[in-house]
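As stored in my_file_10.tsv (TSV, C-alpha atoms):
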```
chain	number	residue	atom	x	y	z
U	1	MET	CA	49.60	-70.64	-14.12
U	2	ARG	CA	45.78	-70.73	-14.06
U	3	LYS	CA	45.82	-69.40	-10.48
U	4	GLN	CA	47.94	-66.44	-11.58
U	5	GLU	CA	45.51	-65.70	-14.43
U	6	ASP	CA	42.54	-65.78	-12.00
U	7	ARG	CA	44.36	-63.42	-9.61
U	8	LEU	CA	45.11	-61.02	-12.49
U	9	ARG	CA	41.45	-61.10	-13.66
U	10	SER	CA	40.16	-60.52	-10.12
U	11	LYS	CA	42.61	-57.59	-9.72
U	12	ALA	CA	41.33	-56.08	-13.03
U	13	CYS	CA	37.72	-56.54	-11.84
U	14	SER	CA	38.35	-54.84	-8.50
U	15	GLY	CA	40.06	-51.99	-10.39
U	16	GLN	CA	36.99	-51.55	-12.58
U	17	LEU	CA	34.76	-51.65	-9.52
U	18	LEU	CA	36.89	-48.96	-7.90
U	19	ILE	CA	36.59	-46.77	-10.99
U	20	VAL	CA	32.80	-47.26	-11.12
U	21	ALA	CA	32.51	-46.51	-7.39
U	22	ALA	CA	34.67	-43.40	-7.74
U	23	LEU	CA	32.57	-42.22	-10.70
U	24	SER	CA	29.35	-42.86	-8.78
U	25	ILE	CA	30.61	-40.86	-5.80
U	26	ALA	CA	31.74	-38.05	-8.13
U	27	VAL	CA	28.31	-37.95	-9.80
U	28	LEU	CA	26.63	-38.02	-6.39
U	29	ILE	CA	28.75	-35.16	-5.06
U	30	SER	CA	28.30	-33.11	-8.26
U	31	SER	CA	24.53	-33.53	-8.30
U	32	THR	CA	24.30	-32.69	-4.60
U	33	THR	CA	26.43	-29.58	-5.16
U	34	ILE	CA	24.16	-28.46	-8.01
U	35	TYR	CA	21.06	-29.18	-5.91
U	36	VAL	CA	22.39	-27.20	-2.95
U	37	TYR	CA	23.38	-24.36	-5.33
U	38	GLU	CA	19.85	-24.29	-6.78
U	39	LEU	CA	18.36	-24.24	-3.29
U	40	GLY	CA	20.65	-21.39	-2.37
U	41	ARG	CA	19.53	-19.49	-5.44
U	42	GLU	CA	15.88	-19.98	-4.46
U	43	ALA	CA	16.61	-18.69	-0.96
U	44	THR	CA	18.35	-15.59	-2.39
U	45	HIS	CA	15.38	-15.00	-4.70
U	46	SER	CA	13.04	-15.26	-1.71
U	47	LEU	CA	15.10	-12.72	0.23
U	48	SER	CA	14.90	-10.30	-2.71
U	49	GLN	CA	11.15	-10.82	-2.70
U	50	SER	CA	11.08	-9.83	1.00
U	51	MET	CA	13.13	-6.75	0.18
U	52	ASN	CA	10.74	-5.88	-2.66
U	53	ASP	CA	7.79	-6.25	-0.29
U	54	PHE	CA	9.57	-4.01	2.20
U	55	VAL	CA	10.12	-1.32	-0.46
U	56	MET	CA	6.46	-1.61	-1.52
U	57	ALA	CA	5.41	-1.14	2.12
U	58	LEU	CA	7.55	1.99	2.40
U	59	LYS	CA	6.06	3.43	-0.78
U	60	GLN	CA	2.57	2.70	0.54
U	61	GLY	CA	3.47	4.48	3.79
U	62	THR	CA	4.64	7.62	2.00
U	63	ARG	CA	1.52	7.55	-0.18
U	64	ASN	CA	-0.73	7.31	2.89
U	65	THR	CA	1.18	10.17	4.51
U	66	LEU	CA	0.55	12.38	1.47
U	67	ILE	CA	-3.16	11.47	1.44
U	68	SER	CA	-3.52	12.25	5.14
U	69	SER	CA	-1.64	15.54	4.82
U	70	LEU	CA	-3.61	16.65	1.75
U	71	ALA	CA	-6.89	15.81	3.48
U	72	ASN	CA	-5.75	17.98	6.38
U	73	VAL	CA	-4.48	20.92	4.29
U	74	SER	CA	-7.44	20.96	1.88
U	75	ASN	CA	-9.82	21.09	4.84
U	76	GLY	CA	-8.15	24.20	6.23
U	77	GLY	CA	-5.01	22.80	7.88
U	78	ASN	CA	-1.61	24.45	7.79
U	79	ASN	CA	0.52	23.56	4.76
U	80	THR	CA	3.48	22.67	7.01
U	81	VAL	CA	1.59	19.50	7.97
U	82	LEU	CA	3.00	17.51	5.06
U	83	GLU	CA	6.62	18.10	6.04
U	84	ALA	CA	5.91	17.34	9.71
U	85	ASN	CA	4.09	14.10	8.85
U	86	LEU	CA	6.81	12.93	6.47
U	87	ASN	CA	9.42	13.63	9.13
U	88	THR	CA	7.47	11.49	11.60
U	89	TYR	CA	7.19	8.66	9.09
U	90	SER	CA	10.83	8.72	8.01
U	91	GLN	CA	11.97	8.66	11.65
U	92	LEU	CA	9.82	5.62	12.34
U	93	VAL	CA	11.05	3.62	9.35
U	94	ARG	CA	14.65	4.41	10.29
U	95	ARG	CA	14.53	2.02	13.27
U	96	PRO	CA	16.11	-1.39	12.59
U	97	ASN	CA	13.75	-4.18	11.59
U	98	SER	CA	14.03	-7.77	10.43
U	99	LEU	CA	15.24	-6.73	6.96
U	100	GLY	CA	17.64	-4.00	7.99
U	101	THR	CA	17.39	-0.26	8.32
U	102	CYS	CA	15.97	2.36	6.00
U	103	ASN	CA	16.98	5.93	5.43
U	104	LEU	CA	14.18	7.89	3.78
U	105	ASN	CA	14.83	11.41	2.48
U	106	PHE	CA	12.24	13.59	0.83
U	107	THR	CA	11.94	16.86	-1.08
U	108	LEU	CA	8.59	18.61	-1.18
U	109	SER	CA	7.49	19.85	-4.57
U	110	ASN	CA	7.76	23.61	-4.98
U	111	THR	CA	7.08	23.79	-8.70
U	112	THR	CA	4.43	26.12	-10.16
U	113	GLY	CA	1.31	26.05	-8.06
U	114	TYR	CA	2.85	24.00	-5.27
U	115	ASP	CA	3.82	25.43	-1.92
U	116	SER	CA	5.55	23.14	0.60
U	117	GLY	CA	4.44	20.12	-1.42
U	118	THR	CA	0.75	20.99	-1.69
U	119	CYS	CA	-1.30	22.76	-4.34
U	120	LEU	CA	-4.88	23.98	-3.90
U	121	SER	CA	-6.01	25.38	-7.23
U	122	TRP	CA	-9.67	26.26	-6.83
U	123	SER	CA	-9.97	29.49	-8.80
U	124	THR	CA	-9.72	28.25	-12.41
U	125	LEU	CA	-13.16	28.32	-14.03
U	126	SER	CA	-14.80	24.85	-14.07
U	127	ILE	CA	-11.77	23.00	-12.69
U	128	GLY	CA	-10.67	22.45	-9.11
U	129	VAL	CA	-7.45	20.69	-8.11
U	130	SER	CA	-6.10	19.61	-4.72
U	131	SER	CA	-2.70	17.99	-4.92
U	132	ALA	CA	0.31	16.93	-2.87
U	133	CYS	CA	3.64	15.93	-4.38
U	134	ALA	CA	7.05	14.92	-3.06
U	135	ASP	CA	10.22	13.22	-4.32
U	136	PHE	CA	11.76	10.47	-2.21
U	137	THR	CA	15.12	8.74	-1.98
U	138	MET	CA	15.28	5.58	0.08
U	139	HIS	CA	18.33	3.59	1.09
U	140	VAL	CA	17.55	0.19	2.54
U	141	TYR	CA	20.51	-1.47	4.23
U	142	GLY	CA	19.71	-5.17	4.56
U	143	ALA	CA	21.86	-7.93	6.04
U	144	SER	CA	22.85	-9.26	2.62
U	145	GLU	CA	21.71	-6.62	0.15
U	146	GLU	CA	21.27	-2.89	-0.21
U	147	ILE	CA	18.71	-1.02	-2.23
U	148	THR	CA	18.64	2.61	-3.26
U	149	ALA	CA	15.48	3.86	-4.94
U	150	ASP	CA	14.28	7.26	-6.12
U	151	TYR	CA	10.60	7.80	-6.69
U	152	SER	CA	7.94	10.49	-6.74
U	153	THR	CA	4.51	10.33	-5.19
U	154	ASN	CA	1.67	12.50	-6.38
U	155	ILE	CA	-1.79	12.55	-4.86
U	156	THR	CA	-4.26	14.62	-6.86
U	157	THR	CA	-8.00	15.04	-6.67
U	158	VAL	CA	-9.65	16.92	-9.53
U	159	ILE	CA	-13.21	18.00	-10.17
U	160	VAL	CA	-14.31	19.22	-13.60
U	161	LEU	CA	-17.67	20.95	-13.99
U	162	ASN	CA	-19.91	21.54	-16.97
U	163	GLY	CA	-23.21	23.31	-16.45
U	164	PHE	CA	-26.16	24.80	-18.33
U	165	TYR	CA	-29.76	25.67	-17.53
U	166	THR	CA	-33.15	25.63	-19.18
U	167	THR	CA	-35.94	28.06	-18.35
U	168	LEU	CA	-39.12	26.57	-16.90
U	169	ALA	CA	-42.67	27.79	-17.39
U	170	GLY	CA	-42.78	29.93	-14.26
U	171	GLY	CA	-39.50	31.66	-15.10
U	172	GLU	CA	-37.46	29.36	-12.84
U	173	LYS	CA	-34.20	28.02	-14.14
U	174	LEU	CA	-33.48	24.29	-14.13
U	175	VAL	CA	-29.72	23.91	-13.75
U	176	ASN	CA	-28.00	20.74	-14.92
U	177	LEU	CA	-24.44	20.32	-13.74
U	178	THR	CA	-22.13	17.48	-14.69
U	179	CYS	CA	-19.22	16.77	-12.30
U	180	HIS	CA	-16.30	14.53	-13.20
U	181	VAL	CA	-14.24	13.43	-10.21
U	182	SER	CA	-10.80	11.85	-10.50
U	183	ASN	CA	-8.00	10.65	-8.23
U	184	GLU	CA	-4.56	10.50	-9.87
U	185	ASN	CA	-6.20	10.80	-13.31
U	186	GLU	CA	-8.47	7.83	-12.66
U	187	PRO	CA	-12.25	8.21	-12.22
U	188	ALA	CA	-13.10	8.30	-8.52
U	189	LEU	CA	-16.10	8.45	-6.24
U	190	ALA	CA	-17.14	11.41	-4.16
U	191	LYS	CA	-18.03	11.13	-0.50
U	192	SER	CA	-20.11	14.31	-0.55
U	193	ILE	CA	-21.02	17.03	-3.03
U	194	ASP	CA	-22.47	20.38	-1.96
U	195	VAL	CA	-23.65	22.79	-4.64
U	196	PHE	CA	-24.00	26.54	-4.05
U	197	TYR	CA	-25.46	29.13	-6.42
U	198	GLU	CA	-25.12	32.87	-6.35
U	199	ASP	CA	-28.27	34.82	-5.64
U	200	ALA	CA	-27.99	38.62	-5.38
U	201	GLY	CA	-24.37	38.45	-4.22
U	202	ASN	CA	-24.95	35.66	-1.69
U	203	TRP	CA	-23.88	32.06	-2.07
U	204	THR	CA	-26.83	29.81	-1.25
U	205	LEU	CA	-26.66	26.05	-0.69
U	206	ALA	CA	-28.93	24.16	-3.05
U	207	ASP	CA	-31.16	21.78	-1.08
U	208	GLU	CA	-34.55	20.06	-1.21
U	209	SER	CA	-36.27	23.46	-1.61
U	210	ASN	CA	-34.40	23.68	-4.94
U	211	ASN	CA	-35.51	20.15	-5.94
U	212	LEU	CA	-31.88	19.10	-5.67
U	213	PHE	CA	-31.20	15.77	-7.33
U	214	ILE	CA	-27.82	14.07	-7.60
U	215	LYS	CA	-27.36	11.06	-9.84
U	216	ASP	CA	-24.24	8.97	-9.30
U	217	TYR	CA	-23.20	7.08	-12.41
U	218	GLY	CA	-20.67	5.09	-10.39
U	219	ASN	CA	-17.79	5.97	-12.69
U	220	GLY	CA	-16.76	9.32	-11.26
U	221	THR	CA	-19.50	11.19	-13.11
U	222	TYR	CA	-22.29	12.90	-11.19
U	223	LEU	CA	-25.28	14.70	-12.65
U	224	VAL	CA	-26.61	17.42	-10.34
U	225	SER	CA	-29.86	19.19	-11.14
U	226	PHE	CA	-31.70	21.86	-9.19
U	227	THR	CA	-34.03	24.80	-9.77
U	228	VAL	CA	-33.22	28.41	-8.96
U	229	ASN	CA	-35.10	31.63	-9.12
U	230	VAL	CA	-32.43	34.14	-10.06
U	231	SER	CA	-32.72	36.98	-12.52
U	232	SER	CA	-29.19	36.91	-13.96
U	233	GLU	CA	-28.48	35.54	-17.45
U	234	VAL	CA	-25.71	33.36	-16.07
U	235	VAL	CA	-26.11	31.19	-12.97
U	236	GLN	CA	-22.89	31.12	-10.99
U	237	ILE	CA	-22.30	27.78	-9.30
U	238	SER	CA	-19.75	26.67	-6.74
U	239	THR	CA	-19.26	22.99	-6.03
U	240	HIS	CA	-17.63	21.72	-2.83
U	241	MET	CA	-16.63	18.08	-2.91
U	242	HIS	CA	-14.93	15.58	-0.57
U	243	ASP	CA	-13.55	12.46	-2.21
U	244	MET	CA	-13.55	9.07	-0.48
U	245	ARG	CA	-10.16	9.92	1.08
U	246	ASN	CA	-11.69	13.05	2.63
U	247	ILE	CA	-9.67	15.34	0.36
U	248	PHE	CA	-11.59	18.55	-0.25
U	249	VAL	CA	-11.74	20.29	-3.62
U	250	GLN	CA	-13.76	23.25	-4.80
U	251	ALA	CA	-14.58	24.54	-8.28
U	252	ASN	CA	-16.74	27.32	-9.69
U	253	THR	CA	-18.51	27.47	-13.02
U	254	ASN	CA	-21.06	29.53	-14.89
U	255	ALA	CA	-24.18	27.84	-16.17
U	256	THR	CA	-25.53	29.48	-19.30
U	257	LEU	CA	-28.83	28.98	-21.12
U	258	TYR	CA	-28.79	25.64	-22.95
U	259	GLY	CA	-28.00	26.07	-26.64
U	260	THR	CA	-26.38	29.49	-26.33
A	1	MET	CA	32.69	-40.41	4.60
A	2	VAL	CA	29.77	-40.72	2.15
A	3	ILE	CA	27.30	-41.17	5.03
A	4	PHE	CA	28.79	-38.19	6.87
A	5	SER	CA	28.61	-36.00	3.73
A	6	SER	CA	24.99	-37.02	3.13
A	7	LEU	CA	24.08	-36.16	6.69
A	8	ALA	CA	25.82	-32.78	6.49
A	9	ILE	CA	24.08	-31.95	3.21
A	10	SER	CA	20.64	-33.01	4.47
A	11	THR	CA	21.05	-30.85	7.58
A	12	ASN	CA	21.91	-27.90	5.36
A	13	PHE	CA	18.96	-28.69	3.10
A	14	ALA	CA	16.55	-28.81	6.06
A	15	THR	CA	17.78	-25.41	7.36
A	16	VAL	CA	17.49	-23.76	3.95
A	17	GLN	CA	14.00	-25.19	3.44
A	18	ASN	CA	12.85	-23.96	6.88
A	19	ASP	CA	14.21	-20.47	6.15
A	20	THR	CA	12.45	-20.42	2.78
A	21	HIS	CA	9.14	-21.49	4.37
A	22	ARG	CA	9.51	-18.81	7.02
A	23	GLU	CA	10.29	-16.15	4.40
A	24	ASN	CA	7.32	-17.21	2.28
A	25	LEU	CA	5.08	-17.03	5.32
A	26	ALA	CA	6.44	-13.58	6.24
A	27	SER	CA	5.94	-12.45	2.64
A	28	ALA	CA	2.32	-13.67	2.69
A	29	GLY	CA	1.76	-11.74	5.93
A	30	LEU	CA	3.33	-8.57	4.58
A	31	GLN	CA	1.30	-8.81	1.35
A	32	CYS	CA	-1.84	-9.18	3.42
A	33	LEU	CA	-1.05	-6.06	5.51
A	34	LEU	CA	-0.05	-4.18	2.36
A	35	LYS	CA	-3.36	-5.00	0.68
A	36	LEU	CA	-5.34	-3.83	3.70
A	37	ASP	CA	-3.21	-0.69	3.96
A	38	SER	CA	-3.50	0.24	0.28
A	39	GLU	CA	-7.26	0.40	0.67
A	40	GLY	CA	-6.87	2.57	3.77
A	41	ASN	CA	-8.63	-0.04	5.91
A	42	LEU	CA	-5.71	-1.03	8.13
A	43	SER	CA	-5.23	2.37	9.76
A	44	MET	CA	-8.99	2.99	9.76
A	45	TYR	CA	-9.65	-0.16	11.83
A	46	ILE	CA	-6.83	0.80	14.21
A	47	ASP	CA	-7.97	4.45	14.48
A	48	ASN	CA	-11.52	3.27	15.25
A	49	GLY	CA	-10.38	0.43	17.53
A	50	ASN	CA	-12.35	-1.98	15.36
A	51	TRP	CA	-10.31	-5.03	16.38
A	52	THR	CA	-12.98	-7.54	15.39
A	53	ALA	CA	-12.98	-6.27	11.80
A	54	LEU	CA	-9.18	-6.32	11.69
A	55	ARG	CA	-9.04	-9.89	13.03
A	56	ASP	CA	-11.70	-11.04	10.56
A	57	CYS	CA	-9.92	-9.37	7.62
A	58	LEU	CA	-6.62	-11.04	8.49
A	59	SER	CA	-8.28	-14.42	9.00
A	60	LEU	CA	-9.85	-14.14	5.56
A	61	ALA	CA	-6.84	-12.74	3.74
A	62	LEU	CA	-4.16	-15.09	5.10
A	63	PRO	CA	-3.79	-18.55	3.56
A	64	ALA	CA	-5.86	-21.32	5.17
A	65	GLY	CA	-4.10	-23.03	8.07
A	66	VAL	CA	-2.02	-20.00	9.02
A	67	THR	CA	-2.36	-18.77	12.58
A	68	PHE	CA	-1.44	-15.21	13.49
A	69	ASN	CA	-0.89	-12.96	16.43
A	70	LEU	CA	-0.85	-9.23	15.86
A	71	THR	CA	0.14	-6.38	18.15
A	72	VAL	CA	-0.21	-2.69	17.30
A	73	TYR	CA	2.08	-0.09	18.86
A	74	ASP	CA	1.98	3.68	18.62
A	75	GLU	CA	4.98	5.90	17.81
A	76	LEU	CA	6.15	5.60	21.44
A	77	MET	CA	5.92	1.80	21.29
A	78	GLN	CA	2.92	1.74	23.62
A	79	SER	CA	0.53	-1.10	22.86
A	80	VAL	CA	-2.62	0.17	21.14
A	81	ASN	CA	-4.81	-2.91	20.75
A	82	THR	CA	-6.99	-3.44	23.78
A	83	GLU	CA	-7.65	-7.08	23.01
A	84	VAL	CA	-5.66	-10.04	21.70
A	85	LEU	CA	-5.64	-10.15	17.92
A	86	SER	CA	-5.14	-13.80	17.14
A	87	ASN	CA	-6.93	-16.71	15.52
A	88	GLY	CA	-5.42	-19.49	17.60
A	89	GLY	CA	-2.38	-20.70	19.47
A	90	PHE	CA	1.00	-21.42	17.92
A	91	SER	CA	1.89	-25.10	17.86
A	92	SER	CA	4.54	-24.82	15.17
A	93	GLN	CA	8.24	-24.16	15.65
A	94	GLU	CA	8.34	-22.26	12.36
A	95	ILE	CA	7.23	-18.78	13.35
A	96	ALA	CA	7.57	-15.95	10.84
A	97	PHE	CA	7.70	-12.32	11.92
A	98	VAL	CA	6.59	-9.18	10.05
A	99	ASP	CA	7.42	-5.67	11.22
A	100	TYR	CA	5.15	-3.18	9.40
A	101	THR	CA	4.97	0.60	9.75
A	102	CYS	CA	1.46	1.81	8.97
A	103	ALA	CA	0.73	5.47	8.19
A	104	SER	CA	-2.88	6.51	8.42
A	105	GLN	CA	-4.80	8.14	5.58
A	106	GLY	CA	-7.05	10.01	8.02
A	107	GLN	CA	-7.14	13.76	8.33
A	108	VAL	CA	-5.44	13.45	11.72
A	109	TYR	CA	-2.14	11.73	11.04
A	110	HIS	CA	-1.12	8.66	13.04
A	111	CYS	CA	1.67	6.17	12.60
A	112	TYR	CA	1.47	2.64	13.94
A	113	ILE	CA	4.05	-0.12	14.23
A	114	ILE	CA	2.56	-3.53	13.66
A	115	TYR	CA	4.18	-6.76	14.81
A	116	LEU	CA	2.64	-9.76	13.08
A	117	TYR	CA	3.65	-13.29	14.06
A	118	LEU	CA	2.63	-16.11	11.76
A	119	ALA	CA	2.79	-19.89	11.95
A	120	VAL	CA	1.38	-22.82	10.03
A	121	ALA	CA	-1.17	-24.65	12.19
A	122	ARG	CA	-0.23	-28.31	12.73
```
Starting from the file, give its structure as structure tokens.
Amino acid sequence: MRKQEDRLRSKACSGQLLIVAALSIAVLISSTTIYVYELGREATHSLSQSMNDFVMALKQGTRNTLISSLANVSNGGNNTVLEANLNTYSQLVRRPNSLGTCNLNFTLSNTTGYDSGTCLSWSTLSIGVSSACADFTMHVYGASEEITADYSTNITTVIVLNGFYTTLAGGEKLVNLTCHVSNENEPALAKSIDVFYEDAGNWTLADESNNLFIKDYGNGTYLVSFTVNVSSEVVQISTHMHDMRNIFVQANTNATLYGT
Amino acid sequence: MVIFSSLAISTNFATVQNDTHRENLASAGLQCLLKLDSEGNLSMYIDNGNWTALRDCLSLALPAGVTFNLTVYDELMQSVNTEVLSNGGFSSQEIAFVDYTCASQGQVYHCYIIYLYLAVAR
């Protein structure tokens, strides 16, 4: 009788042990599954990061292409350069790489002032603009994901002039010209600034003989001062500027007597 | 069965972790090239053949302990760099690869294809 009771108790114990073991294995398997799932999610996130980097690199490439083309066109190049350069770039990015392939289509801006994606507006009084603009559509076909993105890129260099003069004792005029330079509406530095003034119908470059002085404020503002010996009431000035990207822009202004 | 499952899971875990490391390394390399390119320096160094400056920039910009080997090709896939652009040999089996298309900002337009191999020095 006692033996039978012991056998029954030991059977109940082994049953409990089995249940505990089964539960432990279930917990182990569940936690491992969750862990592996989380790891998988991290890996997917990382892949998306790579894809984002790839898209950023493409956008940087199109931006550089616009800068190069605008530098070329604004320095006298043909305005078909932008289209040719973008074609070269889009053909190169079309080749398969580690993330997949990319199809890059573009439309050059032809809105007011733009011709084949570029705009050189140098005739408005006191303001000069050199700009390039294009719309892009990219399709990136990756191994596990696809991205389609539309974006516009605009590269614009602007110079704004403000000038006046004061008359010196000998009848010479001291011209003070303020130039504000910007790239994409942000203050920017100039690589070179050449100032011309009109003297009897001829444009003359202001140099040391005109006591030319250029002060760079470091924030896109330049103060240019020089002396001229011209008889006209208004001193006509033309400023030729290259920004740090070698984009050329020109603007003309009239300096009048200070206070008038 | 439990031992077998554990082994299978750990193998999977090791593979995923290696892939993640490789992707992080590739991302760091791409970010580094992107940074240089956004400032216009990448294409400028290549245009001017200033390989020393390019090597130094990469050495400084990449995380410490990362070795690299970089090759620049032109549009016709002809090698452009005249000297080896590397900061050491690869002793790791985890090698990440970055394929970067660089457009120049210069007045004369050039496109370069950059192959950057990265590894963690052991």
Closest atom pairs, chain U residues within 10 Å of chain A, only C-alpha atoms, as a Markdown table:
```
| residue | atom | partner | partner_atom | distance |
| --- | --- | --- | --- | --- |
| U:Ile25 | CA | A:Val2 | CA | 8.0 |
| U:Leu28 | CA | A:Val2 | CA | 9.5 |
| U:Ile29 | CA | A:Ser5 | CA | 8.8 |
| U:Thr32 | CA | A:Ile9 | CA | 7.8 |
| U:Thr33 | CA | A:Ile9 | CA | 9.0 |
| U:Tyr35 | CA | A:Phe13 | CA | 9.3 |
| U:Val36 | CA | A:Phe13 | CA | 7.1 |
| U:Leu39 | CA | A:Val16 | CA | 7.3 |
| U:Gly40 | CA | A:Val16 | CA | 7.5 |
| U:Glu42 | CA | A:Thr20 | CA | 8.0 |
| U:Ala43 | CA | A:Thr20 | CA | 5.9 |
| U:Thr44 | CA | A:Thr20 | CA | 9.2 |
| U:His45 | CA | A:Thr20 | CA | 9.7 |
| U:Ser46 | CA | A:Glu23 | CA | 6.8 |
| U:Leu47 | CA | A:Glu23 | CA | 7.2 |
| U:Gln49 | CA | A:Ser27 | CA | 7.6 |
| U:Ser50 | CA | A:Ser27 | CA | 6.0 |
| U:Met51 | CA | A:Ser27 | CA | 9.5 |
| U:Asn52 | CA | A:Ser27 | CA | 9.7 |
| U:Asp53 | CA | A:Leu30 | CA | 7.0 |
| U:Phe54 | CA | A:Leu30 | CA | 8.1 |
| U:Met56 | CA | A:Leu34 | CA | 8.0 |
| U:Ala57 | CA | A:Leu34 | CA | 6.3 |
| U:Leu58 | CA | A:Thr101 | CA | 7.9 |
| U:Gln60 | CA | A:Ser38 | CA | 6.6 |
| U:Gly61 | CA | A:Ala103 | CA | 5.3 |
| U:Thr62 | CA | A:Ala103 | CA | 7.6 |
| U:Arg63 | CA | A:Gln105 | CA | 8.6 |
| U:Asn64 | CA | A:Gln105 | CA | 4.9 |
| U:Thr65 | CA | A:Ala103 | CA | 6.0 |
| U:Leu66 | CA | A:Gln105 | CA | 8.0 |
| U:Ile67 | CA | A:Gln105 | CA | 5.6 |
| U:Ser68 | CA | A:Gln105 | CA | 4.3 |
| U:Ser69 | CA | A:Gln107 | CA | 6.8 |
| U:Leu70 | CA | A:Gln107 | CA | 8.0 |
| U:Ala71 | CA | A:Gln107 | CA | 5.3 |
| U:Asn72 | CA | A:Gln107 | CA | 4.9 |
| U:Val73 | CA | A:Gln107 | CA | 8.6 |
| U:Ser74 | CA | A:Gln107 | CA | 9.7 |
| U:Asn75 | CA | A:Gln107 | CA | 8.5 |
| U:Gly77 | CA | A:Gln107 | CA | 9.3 |
| U:Val81 | CA | A:Tyr109 | CA | 9.1 |
| U:Leu82 | CA | A:Tyr109 | CA | 9.8 |
| U:Ala84 | CA | A:Tyr109 | CA | 9.9 |
| U:Asn85 | CA | A:Tyr109 | CA | 7.0 |
| U:Leu86 | CA | A:Ala103 | CA | 9.8 |
| U:Thr88 | CA | A:Cys111 | CA | 7.9 |
| U:Tyr89 | CA | A:Cys111 | CA | 7.0 |
| U:Gln91 | CA | A:Glu75 | CA | 9.7 |
| U:Leu92 | CA | A:Glu75 | CA | 7.3 |
| U:Val93 | CA | A:Thr101 | CA | 6.8 |
| U:Pro96 | CA | A:Asp99 | CA | 9.8 |
| U:Asn97 | CA | A:Asp99 | CA | 6.5 |
| U:Ser98 | CA | A:Asp99 | CA | 7.0 |
| U:Leu99 | CA | A:Asp99 | CA | 9.0 |
| U:Arg245 | CA | A:Gln105 | CA | 7.2 |
| U:Asn246 | CA | A:Gln107 | CA | 7.3 |
| U:Ile247 | CA | A:Gln107 | CA | 8.5 |
```
At a cut-off of 12 Å, using only C-alpha atoms, what residues contact stretch 77-90 of chain A? Leave out same-chain residues fewer than 5 positions from it and give the result as an MDAnalysis selection string. (chainID U and resid 92 95) or (chainID A and resid 43 45:60 62 64:72 95:96 101 110:122)
Within 10 Å of file point (-20.2, 31.8, -5.5), counting all atoms listed in the file, expressed as number ranges by chain: U: 195-199, 201-205, 235-239, 251-254
Those residues with C-alpha atoms, as a short mmCIF file (atom, residue, chain, number, x, y, z; two decimals), in the frame of the given file please?
```cif
data_model
loop_
_atom_site.label_atom_id
_atom_site.label_comp_id
_atom_site.auth_asym_id
_atom_site.auth_seq_id
_atom_site.Cartn_x
_atom_site.Cartn_y
_atom_site.Cartn_z
CA VAL U 195 -23.65 22.79 -4.64
CA PHE U 196 -24.00 26.54 -4.05
CA TYR U 197 -25.46 29.13 -6.42
CA GLU U 198 -25.12 32.87 -6.35
CA ASP U 199 -28.27 34.82 -5.64
CA GLY U 201 -24.37 38.45 -4.22
CA ASN U 202 -24.95 35.66 -1.69
CA TRP U 203 -23.88 32.06 -2.07
CA THR U 204 -26.83 29.81 -1.25
CA LEU U 205 -26.66 26.05 -0.69
CA VAL U 235 -26.11 31.19 -12.97
CA GLN U 236 -22.89 31.12 -10.99
CA ILE U 237 -22.30 27.78 -9.30
CA SER U 238 -19.75 26.67 -6.74
CA THR U 239 -19.26 22.99 -6.03
CA ALA U 251 -14.58 24.54 -8.28
CA ASN U 252 -16.74 27.32 -9.69
CA THR U 253 -18.51 27.47 -13.02
CA ASN U 254 -21.06 29.53 -14.89
#
```
Provide the atom CA of A:Gly29 to atom CA of U:Lys59 distance in Å, to one decimal place.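 Atom CA of A:Gly29 sits 17.1 Å away from atom CA of U:Lys59.
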In Å, with one decimal, what is the gap from atom CA of U:Ser209 to atom CA of U:Lys173? 13.5 Å
Could you jot down the atom CA of U:Met138 to atom CA of U:Asp150 separation for me, Å, one decimal place? 6.5 Å
Contacts of U:Gly218 at 10 Å or less, counting all atoms listed in the file, minus same-chain residues fewer than 3 places along, as a PDB file with C-alpha atoms, keeping the file's coordinate frame?
```pdb
ATOM      1  CA  PRO U 187     -12.250   8.210 -12.220  1.00  0.00           C
ATOM      2  CA  ALA U 188     -13.100   8.300  -8.520  1.00  0.00           C
ATOM      3  CA  LEU U 189     -16.100   8.450  -6.240  1.00  0.00           C
ATOM      4  CA  ALA U 190     -17.140  11.410  -4.160  1.00  0.00           C
ATOM      5  CA  LYS U 215     -27.360  11.060  -9.840  1.00  0.00           C
ATOM      6  CA  THR U 221     -19.500  11.190 -13.110  1.00  0.00           C
ATOM      7  CA  TYR U 222     -22.290  12.900 -11.190  1.00  0.00           C
TER       8      TYR U 222
END
```
For stretch 156-166 of chain U, find every residue with an atom within 8 Å (counting only C-alpha atoms), except residues of its own chain fewer than 5 positions away, and show them as number ranges by chain. U: 126-132, 173-185, 243, 247, 249-258
When you look at U:Phe136 with a cut-off of 6 Å (counting all atoms listed in the file), what residues show up, excluding the ones that are within fewer than 6 positions of it in the same chain? I need them as a list of chain:residue names.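 My reading of the contact set: U:Asn105, U:Phe106, U:Asp150, U:Tyr151, U:Ser152.
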What lies within 10 Å of U:Glu146 using all atoms listed in the file, ignoring chain neighbours under 4 positions off, as a ChimeraX atom specification? /U:51,100-102,139-142
Rank nothing, just name the residue among U:Ser48, U:Asn79, U:Asn229, U:Asn110 nearest to U:Gly171, using only C-alpha atoms.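 Distance minimum relative to U:Gly171 lands on U:Asn229.
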